[in-house]
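A.B. asks: Next comes the structure file my_file.pdb, holding PDB, C-alpha atoms and all ligand atoms.
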```
ATOM      1  CA  MET A   8       6.790 -15.682   3.342  1.00  0.00           C
ATOM      2  CA  GLU A   9       4.870 -13.371   1.030  1.00  0.00           C
ATOM      3  CA  ILE A  10       4.862  -9.607   0.665  1.00  0.00           C
ATOM      4  CA  VAL A  11       2.227  -7.811  -1.404  1.00  0.00           C
ATOM      5  CA  ALA A  12       2.649  -4.220  -2.606  1.00  0.00           C
ATOM      6  CA  ILE A  13      -0.248  -2.059  -3.775  1.00  0.00           C
ATOM      7  CA  CYS A  14       0.949   0.716  -6.105  1.00  0.00           C
ATOM      8  CA  GLY A  15      -1.453   3.660  -6.061  1.00  0.00           C
ATOM      9  CA  SER A  16       0.072   5.416  -9.093  1.00  0.00           C
ATOM     10  CA  PRO A  17      -1.390   5.217 -12.598  1.00  0.00           C
ATOM     11  CA  ARG A  18       2.203   5.202 -13.964  1.00  0.00           C
ATOM     12  CA  PRO A  19       3.433   1.575 -14.127  1.00  0.00           C
ATOM     13  CA  LYS A  20       7.056   2.829 -14.332  1.00  0.00           C
ATOM     14  CA  GLY A  21       6.670   6.005 -12.286  1.00  0.00           C
ATOM     15  CA  ASN A  22       8.405   7.063  -9.083  1.00  0.00           C
ATOM     16  CA  THR A  23       6.149   5.121  -6.723  1.00  0.00           C
ATOM     17  CA  ALA A  24       6.565   1.956  -8.814  1.00  0.00           C
ATOM     18  CA  THR A  25      10.355   2.441  -9.001  1.00  0.00           C
ATOM     19  CA  LEU A  26      10.698   2.734  -5.213  1.00  0.00           C
ATOM     20  CA  ILE A  27       8.280  -0.155  -4.623  1.00  0.00           C
ATOM     21  CA  GLU A  28      10.376  -2.313  -6.971  1.00  0.00           C
ATOM     22  CA  ALA A  29      13.563  -1.365  -5.073  1.00  0.00           C
ATOM     23  CA  LEU A  30      11.831  -2.267  -1.797  1.00  0.00           C
ATOM     24  CA  LEU A  31      10.624  -5.594  -3.208  1.00  0.00           C
ATOM     25  CA  GLU A  32      14.115  -6.378  -4.513  1.00  0.00           C
ATOM     26  CA  GLY A  33      15.445  -5.941  -0.970  1.00  0.00           C
ATOM     27  CA  ALA A  34      12.600  -8.100   0.355  1.00  0.00           C
ATOM     28  CA  ARG A  35      13.425 -10.896  -2.114  1.00  0.00           C
ATOM     29  CA  GLU A  36      17.072 -10.741  -0.998  1.00  0.00           C
ATOM     30  CA  GLY A  37      15.656 -11.253   2.491  1.00  0.00           C
ATOM     31  CA  GLY A  38      13.920 -14.436   1.338  1.00  0.00           C
ATOM     32  CA  ALA A  39      10.413 -13.131   0.617  1.00  0.00           C
ATOM     33  CA  LYS A  40       8.182 -13.964  -2.310  1.00  0.00           C
ATOM     34  CA  THR A  41       6.838 -10.664  -3.650  1.00  0.00           C
ATOM     35  CA  THR A  42       3.821  -9.487  -5.647  1.00  0.00           C
ATOM     36  CA  ARG A  43       3.091  -5.976  -6.908  1.00  0.00           C
ATOM     37  CA  LEU A  44      -0.465  -5.062  -7.815  1.00  0.00           C
ATOM     38  CA  ASP A  45      -1.337  -1.926  -9.821  1.00  0.00           C
ATOM     39  CA  PRO A  46      -5.034  -1.193  -9.177  1.00  0.00           C
ATOM     40  CA  ALA A  47      -4.975   1.599 -11.805  1.00  0.00           C
ATOM     41  CA  GLN A  48      -4.542  -1.168 -14.412  1.00  0.00           C
ATOM     42  CA  MET A  49      -7.309  -3.280 -12.818  1.00  0.00           C
ATOM     43  CA  ARG A  50     -11.081  -2.931 -12.638  1.00  0.00           C
ATOM     44  CA  ILE A  51     -11.785  -1.734  -9.103  1.00  0.00           C
ATOM     45  CA  GLU A  52     -15.147  -0.145  -8.357  1.00  0.00           C
ATOM     46  CA  ASP A  53     -16.016   2.208  -5.497  1.00  0.00           C
ATOM     47  CA  CYS A  54     -17.391   0.809  -2.246  1.00  0.00           C
ATOM     48  CA  THR A  55     -21.191   1.090  -2.471  1.00  0.00           C
ATOM     49  CA  ALA A  56     -21.733   0.824   1.306  1.00  0.00           C
ATOM     50  CA  GLY A  57     -24.098  -2.144   0.834  1.00  0.00           C
ATOM     51  CA  ASP A  58     -22.831  -3.439   4.222  1.00  0.00           C
ATOM     52  CA  GLU A  59     -23.535  -7.117   3.335  1.00  0.00           C
ATOM     53  CA  CYS A  60     -19.810  -7.705   3.937  1.00  0.00           C
ATOM     54  CA  LEU A  61     -20.277  -6.793   7.621  1.00  0.00           C
ATOM     55  CA  VAL A  62     -22.794  -9.562   8.364  1.00  0.00           C
ATOM     56  CA  SER A  63     -20.323 -12.366   9.093  1.00  0.00           C
ATOM     57  CA  ALA A  64     -16.651 -13.311   8.743  1.00  0.00           C
ATOM     58  CA  GLU A  65     -17.599 -15.511   5.777  1.00  0.00           C
ATOM     59  CA  ALA A  66     -19.487 -12.736   3.968  1.00  0.00           C
ATOM     60  CA  SER A  67     -17.411 -10.950   1.366  1.00  0.00           C
ATOM     61  CA  CYS A  68     -17.835  -7.929  -0.883  1.00  0.00           C
ATOM     62  CA  ARG A  69     -20.680  -8.464  -3.356  1.00  0.00           C
ATOM     63  CA  ILE A  70     -18.938  -6.430  -6.086  1.00  0.00           C
ATOM     64  CA  ASP A  71     -17.463  -8.914  -8.550  1.00  0.00           C
ATOM     65  CA  ASP A  72     -14.388  -7.089  -9.841  1.00  0.00           C
ATOM     66  CA  ASP A  73     -10.570  -7.266  -9.575  1.00  0.00           C
ATOM     67  CA  MET A  74     -10.707  -6.326  -5.883  1.00  0.00           C
ATOM     68  CA  GLN A  75     -11.378 -10.026  -5.292  1.00  0.00           C
ATOM     69  CA  GLN A  76      -7.778 -10.671  -6.440  1.00  0.00           C
ATOM     70  CA  ILE A  77      -6.480  -7.976  -4.068  1.00  0.00           C
ATOM     71  CA  TYR A  78      -8.454  -9.444  -1.132  1.00  0.00           C
ATOM     72  CA  GLY A  79      -6.802 -12.820  -1.777  1.00  0.00           C
ATOM     73  CA  ALA A  80      -3.313 -11.327  -2.045  1.00  0.00           C
ATOM     74  CA  LEU A  81      -3.716  -9.263   1.156  1.00  0.00           C
ATOM     75  CA  ARG A  82      -5.029 -12.299   3.065  1.00  0.00           C
ATOM     76  CA  ARG A  83      -2.164 -14.524   1.889  1.00  0.00           C
ATOM     77  CA  ALA A  84       0.664 -12.061   2.554  1.00  0.00           C
ATOM     78  CA  GLN A  85       2.509 -11.710   5.863  1.00  0.00           C
ATOM     79  CA  ALA A  86       3.498  -8.131   4.989  1.00  0.00           C
ATOM     80  CA  TRP A  87       1.782  -5.298   3.123  1.00  0.00           C
ATOM     81  CA  VAL A  88       3.315  -2.358   1.236  1.00  0.00           C
ATOM     82  CA  PHE A  89       1.209   0.674   0.300  1.00  0.00           C
ATOM     83  CA  GLY A  90       2.710   3.154  -2.191  1.00  0.00           C
ATOM     84  CA  THR A  91       1.245   6.369  -3.568  1.00  0.00           C
ATOM     85  CA  PRO A  92       2.168   9.664  -5.162  1.00  0.00           C
ATOM     86  CA  VAL A  93       0.759  12.713  -3.373  1.00  0.00           C
ATOM     87  CA  TYR A  94      -2.285  13.969  -5.293  1.00  0.00           C
ATOM     88  CA  HIS A  95      -3.694  17.243  -3.963  1.00  0.00           C
ATOM     89  CA  SER A  96      -1.994  16.732  -0.608  1.00  0.00           C
ATOM     90  CA  HIS A  97      -3.253  13.149  -0.117  1.00  0.00           C
ATOM     91  CA  VAL A  98      -3.216   9.592  -1.511  1.00  0.00           C
ATOM     92  CA  THR A  99      -4.473   8.961  -5.055  1.00  0.00           C
ATOM     93  CA  GLY A 100      -8.128   8.119  -5.580  1.00  0.00           C
ATOM     94  CA  THR A 101      -6.927   4.770  -6.934  1.00  0.00           C
ATOM     95  CA  LEU A 102      -5.342   3.779  -3.630  1.00  0.00           C
ATOM     96  CA  LYS A 103      -8.195   5.247  -1.580  1.00  0.00           C
ATOM     97  CA  ARG A 104     -10.710   3.172  -3.558  1.00  0.00           C
ATOM     98  CA  VAL A 105      -8.775   0.005  -2.623  1.00  0.00           C
ATOM     99  CA  ILE A 106      -8.582   1.103   1.033  1.00  0.00           C
ATOM    100  CA  ASP A 107     -12.341   1.748   1.147  1.00  0.00           C
ATOM    101  CA  ARG A 108     -13.041  -1.712  -0.266  1.00  0.00           C
ATOM    102  CA  MET A 109     -10.836  -3.237   2.488  1.00  0.00           C
ATOM    103  CA  TYR A 110     -13.753  -2.431   4.829  1.00  0.00           C
ATOM    104  CA  ALA A 111     -15.043  -5.887   3.762  1.00  0.00           C
ATOM    105  CA  PHE A 112     -12.377  -7.452   6.022  1.00  0.00           C
ATOM    106  CA  TYR A 113     -14.438  -6.198   8.979  1.00  0.00           C
ATOM    107  CA  THR A 114     -17.618  -7.676  10.405  1.00  0.00           C
ATOM    108  CA  ASN A 115     -20.143  -5.957  12.613  1.00  0.00           C
ATOM    109  CA  ALA A 116     -22.479  -8.683  13.805  1.00  0.00           C
ATOM    110  CA  GLY A 117     -24.701  -7.470  16.654  1.00  0.00           C
ATOM    111  CA  GLY A 118     -22.920  -4.115  16.832  1.00  0.00           C
ATOM    112  CA  GLU A 119     -19.527  -5.613  17.672  1.00  0.00           C
ATOM    113  CA  TRP A 120     -16.676  -4.785  15.293  1.00  0.00           C
ATOM    114  CA  ARG A 121     -14.358  -7.663  14.489  1.00  0.00           C
ATOM    115  CA  LEU A 122     -11.515  -7.929  11.998  1.00  0.00           C
ATOM    116  CA  GLY A 123     -11.785 -11.042   9.817  1.00  0.00           C
ATOM    117  CA  LEU A 124      -8.035 -11.298   9.174  1.00  0.00           C
ATOM    118  CA  GLU A 125      -5.935 -13.878  11.031  1.00  0.00           C
ATOM    119  CA  GLY A 126      -2.765 -12.844  12.852  1.00  0.00           C
ATOM    120  CA  ARG A 127      -0.606  -9.732  12.814  1.00  0.00           C
ATOM    121  CA  ARG A 128       1.305  -8.515   9.771  1.00  0.00           C
ATOM    122  CA  ARG A 129       4.164  -6.118   9.083  1.00  0.00           C
ATOM    123  CA  GLY A 130       3.925  -3.160   6.720  1.00  0.00           C
ATOM    124  CA  ALA A 131       5.875  -0.484   4.877  1.00  0.00           C
ATOM    125  CA  VAL A 132       4.882   2.678   3.036  1.00  0.00           C
ATOM    126  CA  ILE A 133       6.228   4.608   0.021  1.00  0.00           C
ATOM    127  CA  VAL A 134       5.034   8.186  -0.681  1.00  0.00           C
ATOM    128  CA  VAL A 135       6.426  10.521  -3.362  1.00  0.00           C
ATOM    129  CA  GLN A 136       5.621  14.050  -4.435  1.00  0.00           C
ATOM    130  CA  ALA A 137       6.815  16.772  -6.828  1.00  0.00           C
ATOM    131  CA  ASP A 138       7.053  19.665  -4.358  1.00  0.00           C
ATOM    132  CA  SER A 139      10.295  20.100  -2.390  1.00  0.00           C
ATOM    133  CA  GLU A 140       8.645  20.544   1.033  1.00  0.00           C
ATOM    134  CA  GLU A 141       8.878  17.423   3.184  1.00  0.00           C
ATOM    135  CA  GLU A 142       5.930  17.600   5.571  1.00  0.00           C
ATOM    136  CA  THR A 143       3.125  16.460   3.205  1.00  0.00           C
ATOM    137  CA  PRO A 144       4.611  13.089   2.126  1.00  0.00           C
ATOM    138  CA  ARG A 145       5.429  12.355   5.786  1.00  0.00           C
ATOM    139  CA  ARG A 146       1.846  13.177   6.802  1.00  0.00           C
ATOM    140  CA  VAL A 147       0.437  10.997   3.990  1.00  0.00           C
ATOM    141  CA  ALA A 148       2.784   8.173   5.074  1.00  0.00           C
ATOM    142  CA  GLU A 149       1.503   8.534   8.661  1.00  0.00           C
ATOM    143  CA  TYR A 150      -2.071   8.313   7.358  1.00  0.00           C
ATOM    144  CA  LEU A 151      -1.271   5.067   5.501  1.00  0.00           C
ATOM    145  CA  GLU A 152       0.430   3.669   8.610  1.00  0.00           C
ATOM    146  CA  GLN A 153      -2.700   4.504  10.605  1.00  0.00           C
ATOM    147  CA  ILE A 154      -4.834   2.601   8.059  1.00  0.00           C
ATOM    148  CA  MET A 155      -2.444  -0.375   8.281  1.00  0.00           C
ATOM    149  CA  ARG A 156      -2.736  -0.477  12.088  1.00  0.00           C
ATOM    150  CA  ALA A 157      -6.539  -0.710  11.730  1.00  0.00           C
ATOM    151  CA  TYR A 158      -5.920  -4.033   9.926  1.00  0.00           C
ATOM    152  CA  ASN A 159      -3.443  -5.375  12.522  1.00  0.00           C
ATOM    153  CA  VAL A 160      -0.473  -4.483  10.336  1.00  0.00           C
ATOM    154  CA  ASP A 161       2.519  -3.056  12.236  1.00  0.00           C
ATOM    155  CA  PRO A 162       4.460  -0.558  10.099  1.00  0.00           C
ATOM    156  CA  VAL A 163       8.252  -1.043  10.184  1.00  0.00           C
ATOM    157  CA  GLY A 164       9.117   2.111   8.212  1.00  0.00           C
ATOM    158  CA  CYS A 165       8.500   4.363   5.253  1.00  0.00           C
ATOM    159  CA  VAL A 166      10.201   6.238   2.428  1.00  0.00           C
ATOM    160  CA  ALA A 167       8.528   9.663   2.114  1.00  0.00           C
ATOM    161  CA  ALA A 168      10.225  11.505  -0.751  1.00  0.00           C
ATOM    162  CA  SER A 169       9.943  15.013  -2.209  1.00  0.00           C
ATOM    163  CA  SER A 170      11.206  16.688  -5.431  1.00  0.00           C
ATOM    164  CA  LEU A 171      10.175  13.769  -7.674  1.00  0.00           C
ATOM    165  CA  THR A 172       8.138  14.883 -10.686  1.00  0.00           C
ATOM    166  CA  LYS A 173       8.813  13.038 -13.956  1.00  0.00           C
ATOM    167  CA  PRO A 174       8.412   9.220 -14.076  1.00  0.00           C
ATOM    168  CA  GLY A 175      12.195   8.623 -14.207  1.00  0.00           C
ATOM    169  CA  ASP A 176      13.170  10.943 -11.353  1.00  0.00           C
ATOM    170  CA  ALA A 177      13.278   8.293  -8.586  1.00  0.00           C
ATOM    171  CA  ALA A 178      15.438   5.984 -10.737  1.00  0.00           C
ATOM    172  CA  ALA A 179      18.175   8.683 -10.631  1.00  0.00           C
ATOM    173  CA  ARG A 180      18.075   8.979  -6.820  1.00  0.00           C
ATOM    174  CA  GLU A 181      20.537   6.376  -5.538  1.00  0.00           C
ATOM    175  CA  ASP A 182      19.873   7.496  -1.943  1.00  0.00           C
ATOM    176  CA  LEU A 183      16.133   6.760  -2.182  1.00  0.00           C
ATOM    177  CA  LEU A 184      16.660   3.477  -4.038  1.00  0.00           C
ATOM    178  CA  ALA A 185      19.073   2.339  -1.325  1.00  0.00           C
ATOM    179  CA  ARG A 186      16.656   3.356   1.461  1.00  0.00           C
ATOM    180  CA  ALA A 187      13.760   1.552  -0.220  1.00  0.00           C
ATOM    181  CA  LYS A 188      15.855  -1.593  -0.709  1.00  0.00           C
ATOM    182  CA  GLU A 189      17.007  -1.531   2.910  1.00  0.00           C
ATOM    183  CA  LEU A 190      13.387  -1.077   4.046  1.00  0.00           C
ATOM    184  CA  GLY A 191      12.464  -4.156   1.981  1.00  0.00           C
ATOM    185  CA  ARG A 192      15.188  -6.219   3.665  1.00  0.00           C
ATOM    186  CA  GLU A 193      13.984  -5.034   7.085  1.00  0.00           C
ATOM    187  CA  LEU A 194      10.356  -5.806   6.214  1.00  0.00           C
ATOM    188  CA  ALA A 195      11.227  -9.345   5.095  1.00  0.00           C
ATOM    189  CA  SER A 196      13.316  -9.905   8.200  1.00  0.00           C
ATOM    190  CA  GLU A 197      10.597  -8.615  10.585  1.00  0.00           C
ATOM    191  CA  ALA A 198       7.781 -10.467   8.806  1.00  0.00           C
ATOM    192  CA  GLY A 199       9.861 -13.664   8.753  1.00  0.00           C
ATOM    193  CA  ALA A 200      10.712 -13.391  12.467  1.00  0.00           C
ATOM    194  CA  ALA A 201       7.025 -12.958  13.301  1.00  0.00           C
ATOM    195  CA  GLN A 202       6.094 -16.355  11.726  1.00  0.00           C
TER
HETATM  196  C1  LIG B   1      -3.618  14.870 -10.211  1.00  0.00           C
HETATM  197  C2  LIG B   1      -2.252  15.139  -9.627  1.00  0.00           C
HETATM  198  C3  LIG B   1      -2.171  15.796  -8.415  1.00  0.00           C
HETATM  199  C4  LIG B   1      -0.914  16.049  -7.846  1.00  0.00           C
HETATM  200  N1  LIG B   1      -0.855  16.709  -6.645  1.00  0.00           N
HETATM  201  C5  LIG B   1       0.355  16.976  -6.098  1.00  0.00           C
HETATM  202  C6  LIG B   1       0.460  17.653  -4.835  1.00  0.00           C
HETATM  203  O1  LIG B   1      -0.534  17.987  -4.202  1.00  0.00           O
HETATM  204  N2  LIG B   1       1.701  17.913  -4.357  1.00  0.00           N
HETATM  205  C7  LIG B   1       2.848  17.562  -5.032  1.00  0.00           C
HETATM  206  O2  LIG B   1       3.941  17.829  -4.558  1.00  0.00           O
HETATM  207  N3  LIG B   1       2.783  16.867  -6.208  1.00  0.00           N
HETATM  208  C8  LIG B   1       1.569  16.581  -6.759  1.00  0.00           C
HETATM  209  N4  LIG B   1       1.492  15.884  -7.944  1.00  0.00           N
HETATM  210  C9  LIG B   1       2.746  15.399  -8.574  1.00  0.00           C
HETATM  211  C10 LIG B   1       3.055  13.926  -8.240  1.00  0.00           C
HETATM  212  O3  LIG B   1       2.952  13.658  -6.849  1.00  0.00           O
HETATM  213  C11 LIG B   1       4.496  13.598  -8.693  1.00  0.00           C
HETATM  214  O4  LIG B   1       4.641  13.850 -10.074  1.00  0.00           O
HETATM  215  C12 LIG B   1       4.888  12.174  -8.387  1.00  0.00           C
HETATM  216  O5  LIG B   1       6.284  12.017  -8.574  1.00  0.00           O
HETATM  217  C13 LIG B   1       4.164  11.176  -9.282  1.00  0.00           C
HETATM  218  O6  LIG B   1       4.487   9.863  -8.875  1.00  0.00           O
HETATM  219  P1  LIG B   1       4.383   8.617  -9.868  1.00  0.00           P
HETATM  220  O7  LIG B   1       5.464   8.797 -10.912  1.00  0.00           O
HETATM  221  O8  LIG B   1       4.595   7.432  -9.015  1.00  0.00           O
HETATM  222  O9  LIG B   1       3.024   8.645 -10.470  1.00  0.00           O
HETATM  223  C14 LIG B   1       0.269  15.631  -8.529  1.00  0.00           C
HETATM  224  C15 LIG B   1       0.150  14.960  -9.760  1.00  0.00           C
HETATM  225  C16 LIG B   1      -1.093  14.712 -10.309  1.00  0.00           C
HETATM  226  C17 LIG B   1      -1.180  13.970 -11.633  1.00  0.00           C
END
```
Translate this file's structure into structure tokens.

C.D. replies:
Amino acid sequence: MEIVAICGSPRPKGNTATLIEALLEGAREGGAKTTRLDPAQMRIEDCTAGDECLVSAEASCRIDDDMQQIYGALRRAQAWVFGTPVYHSHVTGTLKRVIDRMYAFYTNAGGEWRLGLEGRRRGAVIVVQADSEEETPRRVAEYLEQIMRAYNVDPVGCVAASSLTKPGDAAAREDLLARAKELGRELASEAGAAQ
């Protein structure tokens, strides 16, 4: 059973990455094989709305960049993890660019929308921010859960954390690390049970 995590932060060892790694550690303890992808370190272009991808289930995105690797990983995995820092009250542009390119999983032949992904998946979300208020990361997590549902991914939970600013801040928060690890175990267990 495979779990793929998309880290929306440009910091490879930042707070989002730290909590994703804790989650993936828990998932591996639960028997999952895990992959983390950092699109900020990859070449991912913007969706150009060419719409060729919508023609048929076989048609894919015509842009030949590292998104092709992400498509493969998302297709293979039984569970998805989306992680992002809050940037100006929302997800990073890096993560949003990946989400926009996921449109290629859909087809719209003859006006009928169809998702070209087999089966249902499980999902989990990590959101961090510097400010101490707690509503924004929760709202951003809800947004990511809504996106997941549009791809037949059922969210099992999230870690939405505030008061994290410098890259090492999450590593000093035992409570958040423990919650992320537990969420990873739960994700592996739910995704495994759904097979
Ligand atoms: C461009 C930019 C915009 C940001 N916008 C917000 C914001 O709207 N609210 C907030 O609380 N923190 C904001 N932050 C701070 C980050 O969310 C915070 O430092 C977070 O811990 C970074 O996570 P990372 O280490 O995974 O990259 C912003 C940071 C950057 C670089």

A.B. asks: With ligand LIG 1 (chain B) as the partner and 10 Å as the cut-off, tabulate the residues of chain A that qualify, each row holding the nearest pair of atoms and their distance in Å to one decimal, using all atoms listed in the file, sorted by chain and rising number, as JSON lines.

C.D. replies:
```
{"residue": "A:Cys14", "atom": "CA", "partner": "B:LIG1", "partner_atom": "O8", "distance": 8.2}
{"residue": "A:Gly15", "atom": "CA", "partner": "B:LIG1", "partner_atom": "O8", "distance": 7.7}
{"residue": "A:Ser16", "atom": "CA", "partner": "B:LIG1", "partner_atom": "O9", "distance": 4.6}
{"residue": "A:Pro17", "atom": "CA", "partner": "B:LIG1", "partner_atom": "O9", "distance": 6.0}
{"residue": "A:Arg18", "atom": "CA", "partner": "B:LIG1", "partner_atom": "O9", "distance": 5.0}
{"residue": "A:Pro19", "atom": "CA", "partner": "B:LIG1", "partner_atom": "O8", "distance": 7.9}
{"residue": "A:Lys20", "atom": "CA", "partner": "B:LIG1", "partner_atom": "O7", "distance": 7.1}
{"residue": "A:Gly21", "atom": "CA", "partner": "B:LIG1", "partner_atom": "O7", "distance": 3.3}
{"residue": "A:Asn22", "atom": "CA", "partner": "B:LIG1", "partner_atom": "O8", "distance": 3.8}
{"residue": "A:Thr23", "atom": "CA", "partner": "B:LIG1", "partner_atom": "O8", "distance": 3.6}
{"residue": "A:Ala24", "atom": "CA", "partner": "B:LIG1", "partner_atom": "O8", "distance": 5.8}
{"residue": "A:Thr25", "atom": "CA", "partner": "B:LIG1", "partner_atom": "O8", "distance": 7.6}
{"residue": "A:Leu26", "atom": "CA", "partner": "B:LIG1", "partner_atom": "O8", "distance": 8.6}
{"residue": "A:Ile27", "atom": "CA", "partner": "B:LIG1", "partner_atom": "O8", "distance": 9.5}
{"residue": "A:Gly90", "atom": "CA", "partner": "B:LIG1", "partner_atom": "O8", "distance": 8.3}
{"residue": "A:Thr91", "atom": "CA", "partner": "B:LIG1", "partner_atom": "O8", "distance": 6.5}
{"residue": "A:Pro92", "atom": "CA", "partner": "B:LIG1", "partner_atom": "O6", "distance": 4.4}
{"residue": "A:Val93", "atom": "CA", "partner": "B:LIG1", "partner_atom": "O3", "distance": 4.2}
{"residue": "A:Tyr94", "atom": "CA", "partner": "B:LIG1", "partner_atom": "N1", "distance": 3.4}
{"residue": "A:His95", "atom": "CA", "partner": "B:LIG1", "partner_atom": "O1", "distance": 3.3}
{"residue": "A:Ser96", "atom": "CA", "partner": "B:LIG1", "partner_atom": "O1", "distance": 4.1}
{"residue": "A:His97", "atom": "CA", "partner": "B:LIG1", "partner_atom": "O1", "distance": 6.9}
{"residue": "A:Val98", "atom": "CA", "partner": "B:LIG1", "partner_atom": "N1", "distance": 9.1}
{"residue": "A:Thr99", "atom": "CA", "partner": "B:LIG1", "partner_atom": "C1", "distance": 7.9}
{"residue": "A:Gly100", "atom": "CA", "partner": "B:LIG1", "partner_atom": "C1", "distance": 9.3}
{"residue": "A:Ile133", "atom": "CA", "partner": "B:LIG1", "partner_atom": "O8", "distance": 9.6}
{"residue": "A:Val134", "atom": "CA", "partner": "B:LIG1", "partner_atom": "O8", "distance": 8.4}
{"residue": "A:Val135", "atom": "CA", "partner": "B:LIG1", "partner_atom": "O5", "distance": 5.4}
{"residue": "A:Gln136", "atom": "CA", "partner": "B:LIG1", "partner_atom": "O3", "distance": 3.6}
{"residue": "A:Ala137", "atom": "CA", "partner": "B:LIG1", "partner_atom": "O2", "distance": 3.8}
{"residue": "A:Asp138", "atom": "CA", "partner": "B:LIG1", "partner_atom": "O2", "distance": 3.6}
{"residue": "A:Ser139", "atom": "CA", "partner": "B:LIG1", "partner_atom": "O2", "distance": 7.1}
{"residue": "A:Glu140", "atom": "CA", "partner": "B:LIG1", "partner_atom": "O2", "distance": 7.8}
{"residue": "A:Glu141", "atom": "CA", "partner": "B:LIG1", "partner_atom": "O2", "distance": 9.2}
{"residue": "A:Thr143", "atom": "CA", "partner": "B:LIG1", "partner_atom": "N2", "distance": 7.8}
{"residue": "A:Pro144", "atom": "CA", "partner": "B:LIG1", "partner_atom": "O2", "distance": 8.2}
{"residue": "A:Ala168", "atom": "CA", "partner": "B:LIG1", "partner_atom": "O5", "distance": 8.8}
{"residue": "A:Ser169", "atom": "CA", "partner": "B:LIG1", "partner_atom": "O2", "distance": 7.0}
{"residue": "A:Ser170", "atom": "CA", "partner": "B:LIG1", "partner_atom": "O2", "distance": 7.4}
{"residue": "A:Leu171", "atom": "CA", "partner": "B:LIG1", "partner_atom": "O5", "distance": 4.4}
{"residue": "A:Thr172", "atom": "CA", "partner": "B:LIG1", "partner_atom": "O4", "distance": 3.7}
{"residue": "A:Lys173", "atom": "CA", "partner": "B:LIG1", "partner_atom": "O4", "distance": 5.8}
{"residue": "A:Pro174", "atom": "CA", "partner": "B:LIG1", "partner_atom": "O7", "distance": 4.3}
{"residue": "A:Gly175", "atom": "CA", "partner": "B:LIG1", "partner_atom": "O7", "distance": 7.5}
{"residue": "A:Asp176", "atom": "CA", "partner": "B:LIG1", "partner_atom": "O5", "distance": 7.5}
{"residue": "A:Ala177", "atom": "CA", "partner": "B:LIG1", "partner_atom": "O5", "distance": 7.9}
```

A.B. asks: Taking the file as shown, find all residues satisfying the PyMOL selection byres (((chain A and resi 11) around 7) and not hetatm) and write them as a list in words.

C.D. replies: Glu9, Ile10, Ala12, Ile13, Thr41, Thr42, Arg43, Ala80, Leu81, Ala84, Ala86, Trp87 and Val88 of chain A

A.B. asks: In terms of the shortest atom-to-atom distance over only C-alpha atoms, which of A:Arg129, A:Arg82, A:Arg146, A:Arg121 is closest to A:Ala64?

C.D. replies: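 For A:Ala64, the nearest of the given residues is A:Arg121.
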
A.B. asks: Could you list, as a list in words, every residue matched by the PyMOL selection byres (((chain A and resi 152) around 10) and not hetatm) in this structure?

C.D. replies: Val88, Phe89, Gly130, Ala131, Val132, Arg146, Val147, Ala148, Glu149, Tyr150, Leu151, Gln153, Ile154, Met155, Arg156, Ala157, Val160, Asp161, Pro162, Val163, Gly164 and Cys165 of chain A

A.B. asks: At what distance in Å, to one decimal, does atom CA of A:Lys103 lie from atom CA of A:Ala179?

C.D. replies: 28.1 Å

A.B. asks: Have a look at atom CA of A:Ser63 and atom CA of A:Tyr78 and let me know their distance in Å, one decimal.

C.D. replies: 15.9 Å

A.B. asks: Spell out the residues picked by the PyMOL selection byres (((chain A and resi 49-51) around 7) and not hetatm) here, as a VMD selection string.

C.D. replies: chain A and resid 45 to 48 52 to 53 72 to 74

A.B. asks: Just to be explicit: take each residue in the selection above, keep C-alpha atoms, and write the result as an mmCIF file, in the coordinates of the input.

C.D. replies:
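File written: result.cif
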```
data_model
loop_
_atom_site.group_PDB
_atom_site.id
_atom_site.type_symbol
_atom_site.label_atom_id
_atom_site.label_comp_id
_atom_site.auth_asym_id
_atom_site.auth_seq_id
_atom_site.Cartn_x
_atom_site.Cartn_y
_atom_site.Cartn_z
ATOM 1 C CA ASP A 45 -1.337 -1.926 -9.821
ATOM 2 C CA PRO A 46 -5.034 -1.193 -9.177
ATOM 3 C CA ALA A 47 -4.975 1.599 -11.805
ATOM 4 C CA GLN A 48 -4.542 -1.168 -14.412
ATOM 5 C CA GLU A 52 -15.147 -0.145 -8.357
ATOM 6 C CA ASP A 53 -16.016 2.208 -5.497
ATOM 7 C CA ASP A 72 -14.388 -7.089 -9.841
ATOM 8 C CA ASP A 73 -10.570 -7.266 -9.575
ATOM 9 C CA MET A 74 -10.707 -6.326 -5.883
#
```

A.B. asks: For a quick check of understanding, using all atoms listed in the file, which of A:Ala201, A:Cys60, A:Ala195, A:Leu184 has the smallest distance to A:Glu28?

C.D. replies: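 Smallest separation from A:Glu28 among the options: A:Leu184.
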
A.B. asks: Between atom CA of A:Arg127 and atom CA of A:Ile106, what is the distance in Å, rounded to a tenth?

C.D. replies: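 So the answer is 17.9 Å.
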
A.B. asks: Please identify all polymer residues within 9 Å of A:Gly199, counting only C-alpha atoms, omitting same-chain residues fewer than 6 positions from it, and present them as a list of chain:residue names.

C.D. replies: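 Everything that qualifies: A:Met8, A:Gly37, A:Gly38, A:Ala39, A:Gln85.
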
A.B. asks: To test the calculation: enclose all listed atoms of stretch 38-44 of chain A in a box whose edges run along x, y and z, add 5 Å on each side, then state centre and edge lengths in Å to one decimal, as JSON.

C.D. replies:
```
{"center_x": 6.7, "center_y": -9.7, "center_z": -3.2, "size_x": 24.4, "size_y": 19.4, "size_z": 19.2}
```
